[in-house]
Amino acid sequence: MRFTLFIWRQSNKEEKGRFKKYQVDDISSSMSFLEMLDLLNEQLINKNEDPVTFDHDCREGICGSCSLVINGVAHGPERGTTACQLHMRSFKDGETIHIEPWRAKSFPINKDLSTNRRSFDSIIQSGGFISINSGSVPDANSTPIPKTIADKAMDAAACIGCGACAAACKNSSAMLFVAAKVSQLSSLPQGKAEADKRVLKMISTHDKEGFGSCTNTGACEAVCPKEISIGHIAKLNREFIRAAFKSDLNL
Amino acid sequence: MLLDGKIPPGNLSDKWSKAKFDMKLVSPANKRKYKVIVVGSGLAGASAAATLAELGYNVACFCFQDSPRRAHSIAAQGGINAAKNYQGDGDSVYRLFYDTIKGGDFRSREANVHRLAEVSVNIIDQAVAQGVPFARDYGGLLANRSFGGAQVSRTFYAKGQTGQQLLLGAYSSLSRQISKGAVNMFTRSEILDLVIHEDQAKGIVVRDLISGKMTVHYADAVVLATGGYGNVFFLSTNAAGCNVTASFRAYKKGAGFANPCFTQIHPTCIPVSGHFQSKLTLMSESLRNDGRVWVPKKKGDKRPAKEIAEDERDYYLERKYPSFGNLAPRDIASRSAKEACDAGLGVGDSGLGVYLDFSSAIERLGEQAIKERYGNLFHMYEKITNENPYKVPMRIYPAVHYTMGGLWVDYHLQTTTPGLFAIGEANFSDHGANRLGASALMQGLADGYFVLPYTIGQFLADQRPLSQSETGELEKSGQDTCQKVENKLNKLINIKGKKSPLQFHKELGEIMWDKCGMERDKKGLSTAIEDIGSLREEFWQNLNVTGSKESFNQQLEKAGRVADFLEFGELMCRDAKEREESCGGHFRTEHQTEDGEAKRNDKDFSHVSVWQSQDEKAPLCHKEKLVFENVKLVTRSYK
Ligand SMILES: Cc1cc2nc3c(=O)[nH]c(=O)nc-3n(C[C@H](O)[C@H](O)[C@H](O)COP(=O)(O)OP(=O)(O)OC[C@H]3O[C@@H](n4cnc5c(N)ncnc54)[C@H](O)[C@@H]3O)c2cc1C
Ligand code: FES
């Protein structure tokens, strides 16, 4: 297979970037998308040109490093699939492919296709945890948790923190990311004690980090590689309203 | 090199409690004065950094990814062992201890392994309290599955994403300490060397991967939690960034490196599909609970699986190891697969594959039940191979997965360099010559949450904190080390040859897989040592690193890691050559029984091989004798 690529090139945070055109031939349909980029990079190195910088690590859809907008869609055309798990058989021979980094104010570009997602860590640091210290905890089976609830918590916990949700949203809202963590922790009995404080803090940090507000377009759910349901945002909203109400009343 | 394991005296089951009681304590008010550097934010690093900060130490934590949550531990799939005996099927701390010692083919320390089994139960409590959504039964209690090398169900899991959930649990605790200012987190920071001052580890040299800026960080103790080195083989199930640099630099600076050749080849990975392949994908061992491994009985039988009748199939694991069947330990399952393929019975286009067949489980339990257990793995398999494993059997082949070798540590997890500790996959401690499935997560978290936080106190209690000392001389040696690192980076960039770092990595991987992989022999290892030497020479003459040192430069990162692999690969081959026996994952073809099983030599090799670097000269091999007081050394049998 052969492809024409338009890739976003930007040498650092300050520089203005632009698309650059490349041609790749001899691509096998069972290559992954990142392996196709590896091949391009080897060609560039051979010509002493600067290879394309992009984030990746696990290459199996779990670490959340890879973060490419492919033909305008975060993580590309396959639903429920990260860019690293995408294979060239999903494209037509001869196709033109545009590759860009995440676009969101809160994810500044480091170089080419790599962005800075520290804002996501800040959101978790503000409350995405249960406050316990190592060792001082009860036996794991002391509180039975109904399977349905445990399974729901697991569905939310599947989030890989890649940032596709915010990259796909026209308001650059990361509400799906916040909702997944809030929903996981507040549905479990262990997480209930801090539920109010958690949701208020995480939402306030989300806003402070410059992410926009959610207008329920569902664009996030459509690109989420772990197919996390937008239903969690509804739960987040309920949690938030209850917590805000209680805090207004100083309860 | 003095190898004092510092194993506490007394009964096996009392050693750890006694050791904890005897250890010196640092008073809460004094802990703040000590700074500890933790390199790595995987299960071991994140749990250690969080716990040390909870205790009151001043912690700095480093990782090369853009967030601590992305450490390689995130990819672990199948589960974590613990001797909870929730299933009432006869499990106990002693049984987990025994299974681990036996699984490791009697090449690990009794005391360490027993401690691991003891604290395993606390890990599950800890994770549940953090909100880790482990799988549960309908009654609401925790569910378990079985893993290889065990006849009880003691593996806890969160779908096929156990590593992810455990790491996110540790990351949440770490995040809490970061927000309190108790941990200073440095992401996209790569450790390129250690600062050793007056024979103690006192700091690290760090390159900021975005700006290229070099800095030196100082501390009262340095903990390496930098993971394993499986990527020395180029193709492995490890994440692309996994590397040996931090531990190898520690070795070059004097720390002993134990059993470098002990590598685990995992039996169930998706076979290689082309020369462009950048990594291999694991299909969790948990699949062997319900999948049956087979090959056609007839050589070169290319018919589709479903046309091959039952009596024309060889379920070779069930046949050869009736009591463990498909759950035989990894080293045995891997070698059996290789044997079948070498005999021409392999399946798929390349002939390098065996079937892992779920049809009888689907018939028995229904597709839905299988989907619930392994949905994400089946999905991943289909994505990569374009085949539907609910309809046709999976094709699998062994691949490099884990490294049991690592920095030598004593019972306190301290290396031979005072002040330098190693935890998680980076140390050699608990798995002997073969790790049992679901035991790496257990070990990483045991080290980080429950062992190191105690043992490091024993060391620090005798130290005068840097915060209260004159540090002029130390800083001089730090700057000196930093300068040397910069010189090396300049050298890499200035070679301006023709070949990319990736090409060198691939070539090294081929040598390693061929000569130091699933089977090894003396002649092959000698050739490999020579070949690696020539490749290394070519590397330093013909490497092409584009770009500059003062910018975000992934080629430079890669080149530095490959440079270390090129030296380390040789050390592995030396170790494999020196160990004239077969044990666990180390199979020397010269040493096998009549029916092709590993033949251990307890008389001459019941020891840990610990390598000491000698600059330009060949390294020295020291031995830590393994003493077994509680278990009898027997020939491992899973028949
Ligand atoms: C696909 C897969 C599945 C697995 N499944 C299981 C399973 O089901 N059960 C099980 O028990 N085990 C499993 N394992 C093994 C297990 O995941 C690992 O052994 C374990 O997670 C290692 O944890 P760690 O904390 O020691 O290191 P890692 O998680 O590898 O973390 C290493 C850390 O060190 C940092 N680092 C490394 N080098 C440097 C440097 N030079 N400078 C700065 N930072 C550095 C990295 O950034 C990272 O934060 C699996 C492994 C793989 C590959
Ligand atoms: S590289 Fe890890 S999710 Fe894509």
# chains A, B, ... in the order shown; residues from 1 in each chain; ligands from 1
call {"tool": "residues_near_ligand", "arguments": {"ligand": "ligand 2", "cutoff": "7 Å", "atoms": "only C-alpha atoms and all ligand atoms", "output": "PDB file with C-alpha atoms, in the first residue's frame"}}
result
ATOM      1  CA  HIS A  56       3.833   6.244  22.367  1.00  0.00           C
ATOM      2  CA  ASP A  57       4.883   3.565  24.794  1.00  0.00           C
ATOM      3  CA  CYS A  58       2.797   0.428  25.343  1.00  0.00           C
ATOM      4  CA  ARG A  59       1.551   0.169  21.759  1.00  0.00           C
ATOM      5  CA  GLU A  60      -1.324  -1.927  22.991  1.00  0.00           C
ATOM      6  CA  GLY A  61      -3.964   0.631  23.798  1.00  0.00           C
ATOM      7  CA  ILE A  62      -3.570   0.887  27.556  1.00  0.00           C
ATOM      8  CA  CYS A  63      -0.974   3.487  28.573  1.00  0.00           C
ATOM      9  CA  GLY A  64      -2.717   6.447  26.964  1.00  0.00           C
ATOM     10  CA  SER A  65       0.481   7.879  25.499  1.00  0.00           C
ATOM     11  CA  CYS A  66      -0.423   7.887  21.825  1.00  0.00           C
ATOM     12  CA  THR A  82      -6.310   3.985  20.160  1.00  0.00           C
ATOM     13  CA  ALA A  83      -4.018   5.177  17.383  1.00  0.00           C
ATOM     14  CA  CYS A  84      -1.463   2.517  18.338  1.00  0.00           C
ATOM     15  CA  GLN A  85      -4.034  -0.257  17.903  1.00  0.00           C
TER      16      GLN A  85
END
call {"tool": "closest_atom_pairs", "arguments": {"of": "chain B", "to": "ligand 1", "cutoff": "6 Å", "atoms": "only C-alpha atoms and all ligand atoms", "output": "Markdown table"}}
result
| residue | atom | partner | partner_atom_place_in_ligand_line | distance |
| --- | --- | --- | --- | --- |
| B:Val39 | CA | ligand 1 | 44 (N) | 5.4 |
| B:Gly40 | CA | ligand 1 | 34 (O) | 3.2 |
| B:Ser41 | CA | ligand 1 | 49 (O) | 3.7 |
| B:Gly42 | CA | ligand 1 | 29 (O) | 3.5 |
| B:Leu43 | CA | ligand 1 | 25 (O) | 3.9 |
| B:Ala44 | CA | ligand 1 | 25 (O) | 3.8 |
| B:Gly45 | CA | ligand 1 | 25 (O) | 5.5 |
| B:Phe62 | CA | ligand 1 | 44 (N) | 5.5 |
| B:Cys63 | CA | ligand 1 | 47 (O) | 3.6 |
| B:Phe64 | CA | ligand 1 | 47 (O) | 4.2 |
| B:Gln65 | CA | ligand 1 | 47 (O) | 5.2 |
| B:Pro68 | CA | ligand 1 | 49 (O) | 5.9 |
| B:Ala71 | CA | ligand 1 | 49 (O) | 4.2 |
| B:His72 | CA | ligand 1 | 29 (O) | 4.0 |
| B:Ser73 | CA | ligand 1 | 21 (O) | 3.3 |
| B:Ala75 | CA | ligand 1 | 1 (C) | 5.1 |
| B:Ala76 | CA | ligand 1 | 5 (N) | 3.2 |
| B:Gln77 | CA | ligand 1 | 8 (O) | 4.2 |
| B:Gly78 | CA | ligand 1 | 8 (O) | 3.4 |
| B:Gly79 | CA | ligand 1 | 8 (O) | 4.3 |
| B:Ile80 | CA | ligand 1 | 11 (O) | 5.1 |
| B:Ser189 | CA | ligand 1 | 43 (C) | 5.7 |
| B:Glu190 | CA | ligand 1 | 42 (N) | 3.5 |
| B:Ile191 | CA | ligand 1 | 42 (N) | 3.7 |
| B:Leu192 | CA | ligand 1 | 41 (N) | 5.9 |
| B:Ala225 | CA | ligand 1 | 26 (O) | 5.4 |
| B:Thr226 | CA | ligand 1 | 34 (O) | 3.3 |
| B:Gly227 | CA | ligand 1 | 27 (O) | 3.4 |
| B:Thr237 | CA | ligand 1 | 53 (C) | 4.7 |
| B:Asn238 | CA | ligand 1 | 53 (C) | 4.2 |
| B:Asn243 | CA | ligand 1 | 38 (N) | 5.8 |
| B:Thr245 | CA | ligand 1 | 41 (N) | 5.2 |
| B:Ala246 | CA | ligand 1 | 41 (N) | 4.6 |
| B:Leu282 | CA | ligand 1 | 1 (C) | 5.2 |
| B:His401 | CA | ligand 1 | 53 (C) | 5.6 |
| B:Gly424 | CA | ligand 1 | 26 (O) | 3.5 |
| B:Glu425 | CA | ligand 1 | 26 (O) | 3.8 |
| B:Ala426 | CA | ligand 1 | 26 (O) | 5.7 |
| B:Gly437 | CA | ligand 1 | 9 (N) | 5.7 |
| B:Ala438 | CA | ligand 1 | 11 (O) | 3.1 |
| B:Ser439 | CA | ligand 1 | 11 (O) | 4.0 |
| B:Ala440 | CA | ligand 1 | 11 (O) | 3.6 |
| B:Leu441 | CA | ligand 1 | 11 (O) | 3.7 |
| B:Met442 | CA | ligand 1 | 11 (O) | 5.9 |
| B:Gly444 | CA | ligand 1 | 26 (O) | 5.5 |
call {"tool": "write_last_selection", "arguments": {"atoms": "C-alpha atoms", "output": "short mmCIF file (atom, residue, chain, number, x, y, z; two decimals), in the first residue's frame"}}
result
data_model
loop_
_atom_site.label_atom_id
_atom_site.label_comp_id
_atom_site.auth_asym_id
_atom_site.auth_seq_id
_atom_site.Cartn_x
_atom_site.Cartn_y
_atom_site.Cartn_z
CA VAL B 39 13.33 6.61 40.05
CA GLY B 40 10.28 5.09 38.38
CA SER B 41 6.55 5.43 38.87
CA GLY B 42 5.39 1.92 38.00
CA LEU B 43 3.82 -0.28 40.63
CA ALA B 44 7.03 -0.45 42.61
CA GLY B 45 8.04 3.20 42.29
CA PHE B 62 11.06 10.58 38.36
CA CYS B 63 9.73 8.92 35.24
CA PHE B 64 10.39 9.29 31.52
CA GLN B 65 6.75 9.18 30.42
CA PRO B 68 3.45 8.65 36.22
CA ALA B 71 4.52 3.44 33.44
CA HIS B 72 4.82 0.03 31.85
CA SER B 73 3.00 -1.65 34.77
CA ALA B 75 -0.08 -3.01 30.63
CA ALA B 76 -0.22 -5.98 32.99
CA GLN B 77 -3.30 -7.95 32.17
CA GLY B 78 -4.08 -11.11 34.02
CA GLY B 79 -3.88 -10.59 37.74
CA ILE B 80 -2.09 -10.52 41.06
CA SER B 189 12.88 13.09 32.98
CA GLU B 190 15.38 10.43 32.16
CA ILE B 191 18.03 9.29 34.62
CA LEU B 192 21.32 8.90 32.79
CA ALA B 225 12.25 1.15 40.42
CA THR B 226 13.04 1.29 36.75
CA GLY B 227 11.56 -2.01 35.61
CA THR B 237 5.89 -7.64 25.20
CA ASN B 238 7.39 -4.67 27.01
CA ASN B 243 15.24 0.01 29.11
CA THR B 245 19.92 2.30 31.46
CA ALA B 246 19.38 3.13 35.12
CA LEU B 282 0.82 -10.68 25.11
CA HIS B 401 8.22 -10.96 28.54
CA GLY B 424 10.17 -4.22 41.50
CA GLU B 425 11.32 -5.84 38.29
CA ALA B 426 14.60 -3.90 38.53
CA GLY B 437 2.25 -15.60 36.49
CA ALA B 438 0.62 -12.82 38.54
CA SER B 439 3.62 -12.59 40.85
CA ALA B 440 5.34 -9.52 39.39
CA LEU B 441 2.54 -7.19 40.37
CA MET B 442 2.60 -8.79 43.79
CA GLY B 444 6.39 -4.71 42.90
#
call {"tool": "residues_around", "arguments": {"residues": "range 106-123 of chain A", "least_positions_apart": "6", "cutoff": "8 Å", "atoms": "only C-alpha atoms", "output": "compact mmCIF listing (two decimals) with N, CA and C atoms, in the first residue's frame"}}
result
# COMPACT_ATOMS: atom_id res chain seq x y z
N TRP A 8 1.54 17.35 10.86
CA TRP A 8 1.79 18.62 11.54
C TRP A 8 3.22 18.66 12.07
N ARG A 9 4.00 19.66 11.61
CA ARG A 9 5.37 19.81 12.09
C ARG A 9 5.49 21.13 12.82
N GLN A 10 6.05 21.07 14.03
CA GLN A 10 6.21 22.26 14.85
C GLN A 10 7.39 21.97 15.76
N SER A 11 8.44 22.81 15.71
CA SER A 11 9.66 22.36 16.40
C SER A 11 9.63 22.58 17.90
N ASN A 12 8.79 23.49 18.39
CA ASN A 12 8.65 23.65 19.85
C ASN A 12 7.36 24.37 20.16
N LYS A 13 7.16 24.61 21.44
CA LYS A 13 5.89 25.19 21.90
C LYS A 13 5.62 26.54 21.24
N GLY A 17 3.32 26.11 13.81
CA GLY A 17 3.49 24.88 13.04
C GLY A 17 2.82 24.94 11.68
N VAL A 52 9.65 12.59 12.75
CA VAL A 52 8.44 13.12 13.38
C VAL A 52 8.38 12.66 14.84
N THR A 53 8.18 13.63 15.74
CA THR A 53 8.06 13.29 17.16
C THR A 53 6.61 12.96 17.50
N PHE A 54 6.40 11.82 18.12
CA PHE A 54 5.04 11.48 18.59
C PHE A 54 5.15 10.64 19.85
N ASP A 55 4.16 10.74 20.73
CA ASP A 55 4.20 9.99 21.98
C ASP A 55 3.64 8.59 21.79
N SER A 67 -1.50 9.81 20.89
CA SER A 67 -2.46 10.90 20.91
C SER A 67 -2.43 11.61 19.55
N LEU A 68 -3.00 10.98 18.56
CA LEU A 68 -2.97 11.55 17.22
C LEU A 68 -4.38 11.82 16.72
N GLU A 100 -2.46 15.10 13.00
CA GLU A 100 -2.22 16.28 13.84
C GLU A 100 -2.14 15.89 15.31
N GLY A 161 -6.81 8.01 30.28
CA GLY A 161 -6.25 9.36 30.45
C GLY A 161 -5.52 9.88 29.24
N GLY A 163 -6.79 11.82 26.77
CA GLY A 163 -7.14 13.19 26.42
C GLY A 163 -7.93 13.32 25.14
N VAL A 178 -13.08 13.60 33.87
CA VAL A 178 -13.40 13.86 35.27
C VAL A 178 -14.52 12.90 35.72
N MET A 202 -12.34 18.52 41.91
CA MET A 202 -11.91 18.11 40.57
C MET A 202 -12.51 19.02 39.51
N ILE A 203 -13.76 19.41 39.69
CA ILE A 203 -14.37 20.28 38.69
C ILE A 203 -13.73 21.67 38.73
N THR A 205 -10.69 22.34 39.53
CA THR A 205 -9.36 22.26 38.89
C THR A 205 -9.50 22.13 37.38
N HIS A 206 -10.48 21.35 36.94
CA HIS A 206 -10.76 21.22 35.51
C HIS A 206 -10.94 22.60 34.88
N GLU A 209 -7.71 24.76 34.93
CA GLU A 209 -6.72 24.33 33.94
C GLU A 209 -7.08 24.79 32.53
N GLY A 210 -8.23 25.43 32.40
CA GLY A 210 -8.60 26.00 31.10
C GLY A 210 -9.45 25.12 30.21
N PHE A 211 -9.92 23.98 30.72
CA PHE A 211 -10.84 23.16 29.93
C PHE A 211 -12.21 23.84 29.92
N ASP B 66 5.14 11.01 30.12
CA ASP B 66 4.64 12.35 30.42
C ASP B 66 3.77 12.37 31.67
N SER B 67 3.43 11.19 32.19
CA SER B 67 2.68 11.12 33.44
C SER B 67 3.07 9.83 34.15
N SER B 175 -0.57 10.74 43.71
CA SER B 175 -1.12 12.05 43.38
C SER B 175 -1.51 12.80 44.65
N ILE B 210 12.17 17.22 27.26
CA ILE B 210 11.60 18.24 26.38
C ILE B 210 12.64 19.32 26.05
N PHE B 552 13.90 18.42 22.34
CA PHE B 552 13.13 17.18 22.42
C PHE B 552 13.66 16.29 21.29
call {"tool": "interface_residues", "arguments": {"of": "chain A", "to": "chain B", "cutoff": "6 Å", "atoms": "only C-alpha atoms", "output": "list of chain:residue names"}}
result
A:Asp57, A:Cys58, A:Cys63, A:Gln125, A:Phe129, A:Ile130, A:Asp139, A:Ala140, A:Asn141, A:Pro144, A:Ile145, A:Pro146, A:Lys147, A:Ala150, A:Met154
call {"tool": "residues_around", "arguments": {"residues": "Lys197 in chain A", "least_positions_apart": "5", "cutoff": "10 Å", "atoms": "only C-alpha atoms", "output": "PDB file with N, CA, C and O atoms, in the first residue's frame"}}
result
ATOM      1  N   SER A 126      -6.002  16.924  42.520  1.00  0.00           N
ATOM      2  CA  SER A 126      -6.887  17.740  43.344  1.00  0.00           C
ATOM      3  C   SER A 126      -7.938  16.909  44.071  1.00  0.00           C
ATOM      4  O   SER A 126      -8.603  17.409  44.970  1.00  0.00           O
ATOM      5  N   GLY A 127      -8.111  15.644  43.706  1.00  0.00           N
ATOM      6  CA  GLY A 127      -9.127  14.885  44.457  1.00  0.00           C
ATOM      7  C   GLY A 127      -9.435  13.491  43.934  1.00  0.00           C
ATOM      8  O   GLY A 127     -10.275  12.796  44.503  1.00  0.00           O
ATOM      9  N   MET A 202     -12.344  18.521  41.913  1.00  0.00           N
ATOM     10  CA  MET A 202     -11.914  18.110  40.570  1.00  0.00           C
ATOM     11  C   MET A 202     -12.513  19.017  39.507  1.00  0.00           C
ATOM     12  O   MET A 202     -11.842  19.379  38.536  1.00  0.00           O
ATOM     13  N   PHE A 240     -22.293  16.660  41.495  1.00  0.00           N
ATOM     14  CA  PHE A 240     -21.827  18.035  41.641  1.00  0.00           C
ATOM     15  C   PHE A 240     -22.912  18.915  42.251  1.00  0.00           C
ATOM     16  O   PHE A 240     -22.672  19.683  43.182  1.00  0.00           O
ATOM     17  N   ALA A 243     -23.386  18.117  45.881  1.00  0.00           N
ATOM     18  CA  ALA A 243     -22.267  18.581  46.710  1.00  0.00           C
ATOM     19  C   ALA A 243     -22.263  20.099  46.822  1.00  0.00           C
ATOM     20  O   ALA A 243     -22.040  20.653  47.905  1.00  0.00           O
ATOM     21  N   ALA A 244     -22.542  20.783  45.706  1.00  0.00           N
ATOM     22  CA  ALA A 244     -22.515  22.242  45.715  1.00  0.00           C
ATOM     23  C   ALA A 244     -23.623  22.773  46.621  1.00  0.00           C
ATOM     24  O   ALA A 244     -23.429  23.719  47.388  1.00  0.00           O
ATOM     25  N   SER A 247     -22.660  22.284  50.156  1.00  0.00           N
ATOM     26  CA  SER A 247     -21.595  23.179  50.604  1.00  0.00           C
ATOM     27  C   SER A 247     -22.139  24.611  50.737  1.00  0.00           C
ATOM     28  O   SER A 247     -21.731  25.356  51.613  1.00  0.00           O
TER      29      SER A 247
END
call {"tool": "residues_around", "arguments": {"residues": "Lys320 in chain B", "least_positions_apart": "4", "cutoff": "12 Å", "atoms": "only C-alpha atoms", "output": "ChimeraX atom specification"}}
result
/B:293-294,314-316,324-328,332-333,336,595-597,637-639
call {"tool": "select_by_dssp", "arguments": {"residues": "range 381-520 of chain B", "states": "helix (DSSP H, G or I)", "output": "ChimeraX atom specification"}}
result
/B:381-385,424-426,440-460,466-468,472-494,501-516
call {"tool": "residues_around", "arguments": {"residues": "Thr215 in chain B", "least_positions_apart": "4", "cutoff": "9 Å", "atoms": "only C-alpha atoms", "output": "VMD selection string"}}
result
chain B and resid 204 to 208 479 482
call {"tool": "decode", "arguments": {"residues": "range 237-245 of chain B", "atoms": "all heavy atoms", "output": "mmCIF file, in the first residue's frame"}}
result
data_model
loop_
_atom_site.group_PDB
_atom_site.id
_atom_site.type_symbol
_atom_site.label_atom_id
_atom_site.label_comp_id
_atom_site.auth_asym_id
_atom_site.auth_seq_id
_atom_site.Cartn_x
_atom_site.Cartn_y
_atom_site.Cartn_z
ATOM 1 N N THR B 237 7.225 -8.162 24.851
ATOM 2 C CA THR B 237 5.895 -7.643 25.195
ATOM 3 C C THR B 237 6.002 -6.340 25.974
ATOM 4 O O THR B 237 4.996 -5.769 26.359
ATOM 5 C CB THR B 237 5.133 -8.653 26.064
ATOM 6 O OG1 THR B 237 5.866 -8.847 27.287
ATOM 7 C CG2 THR B 237 4.945 -9.974 25.370
ATOM 8 N N ASN B 238 7.225 -5.887 26.225
ATOM 9 C CA ASN B 238 7.395 -4.666 27.012
ATOM 10 C C ASN B 238 7.031 -3.422 26.218
ATOM 11 O O ASN B 238 7.058 -3.425 24.993
ATOM 12 C CB ASN B 238 8.852 -4.535 27.468
ATOM 13 C CG ASN B 238 9.203 -5.563 28.528
ATOM 14 O OD1 ASN B 238 8.433 -6.479 28.803
ATOM 15 N ND2 ASN B 238 10.358 -5.420 29.130
ATOM 16 N N ALA B 239 6.747 -2.350 26.948
ATOM 17 C CA ALA B 239 6.474 -1.074 26.305
ATOM 18 C C ALA B 239 7.743 -0.594 25.613
ATOM 19 O O ALA B 239 8.861 -0.963 26.000
ATOM 20 C CB ALA B 239 6.014 -0.060 27.342
ATOM 21 N N ALA B 240 7.557 0.269 24.602
ATOM 22 C CA ALA B 240 8.693 0.681 23.780
ATOM 23 C C ALA B 240 9.806 1.325 24.597
ATOM 24 O O ALA B 240 10.985 1.168 24.292
ATOM 25 C CB ALA B 240 8.211 1.645 22.703
ATOM 26 N N GLY B 241 9.444 2.039 25.654
ATOM 27 C CA GLY B 241 10.458 2.785 26.397
ATOM 28 C C GLY B 241 11.230 1.980 27.427
ATOM 29 O O GLY B 241 12.206 2.484 27.977
ATOM 30 N N CYS B 242 10.810 0.745 27.711
ATOM 31 C CA CYS B 242 11.489 -0.021 28.762
ATOM 32 C C CYS B 242 12.964 -0.172 28.412
ATOM 33 O O CYS B 242 13.311 -0.413 27.257
ATOM 34 C CB CYS B 242 10.855 -1.400 28.919
ATOM 35 S SG CYS B 242 9.197 -1.323 29.596
ATOM 36 N N ASN B 243 13.810 -0.033 29.401
ATOM 37 C CA ASN B 243 15.243 0.006 29.112
ATOM 38 C C ASN B 243 16.043 -0.440 30.321
ATOM 39 O O ASN B 243 15.499 -0.648 31.390
ATOM 40 C CB ASN B 243 15.637 1.432 28.705
ATOM 41 C CG ASN B 243 15.501 2.384 29.879
ATOM 42 O OD1 ASN B 243 16.429 2.559 30.654
ATOM 43 N ND2 ASN B 243 14.334 2.973 30.041
ATOM 44 N N VAL B 244 17.358 -0.574 30.116
ATOM 45 C CA VAL B 244 18.203 -1.049 31.214
ATOM 46 C C VAL B 244 19.093 0.061 31.759
ATOM 47 O O VAL B 244 19.887 -0.135 32.656
ATOM 48 C CB VAL B 244 19.050 -2.265 30.741
ATOM 49 C CG1 VAL B 244 20.218 -1.808 29.862
ATOM 50 C CG2 VAL B 244 19.567 -3.083 31.911
ATOM 51 N N THR B 245 18.945 1.247 31.177
ATOM 52 C CA THR B 245 19.925 2.305 31.457
ATOM 53 C C THR B 245 20.187 2.557 32.937
ATOM 54 O O THR B 245 21.343 2.547 33.372
ATOM 55 C CB THR B 245 19.504 3.600 30.732
ATOM 56 O OG1 THR B 245 19.656 3.351 29.336
ATOM 57 C CG2 THR B 245 20.367 4.789 31.125
#
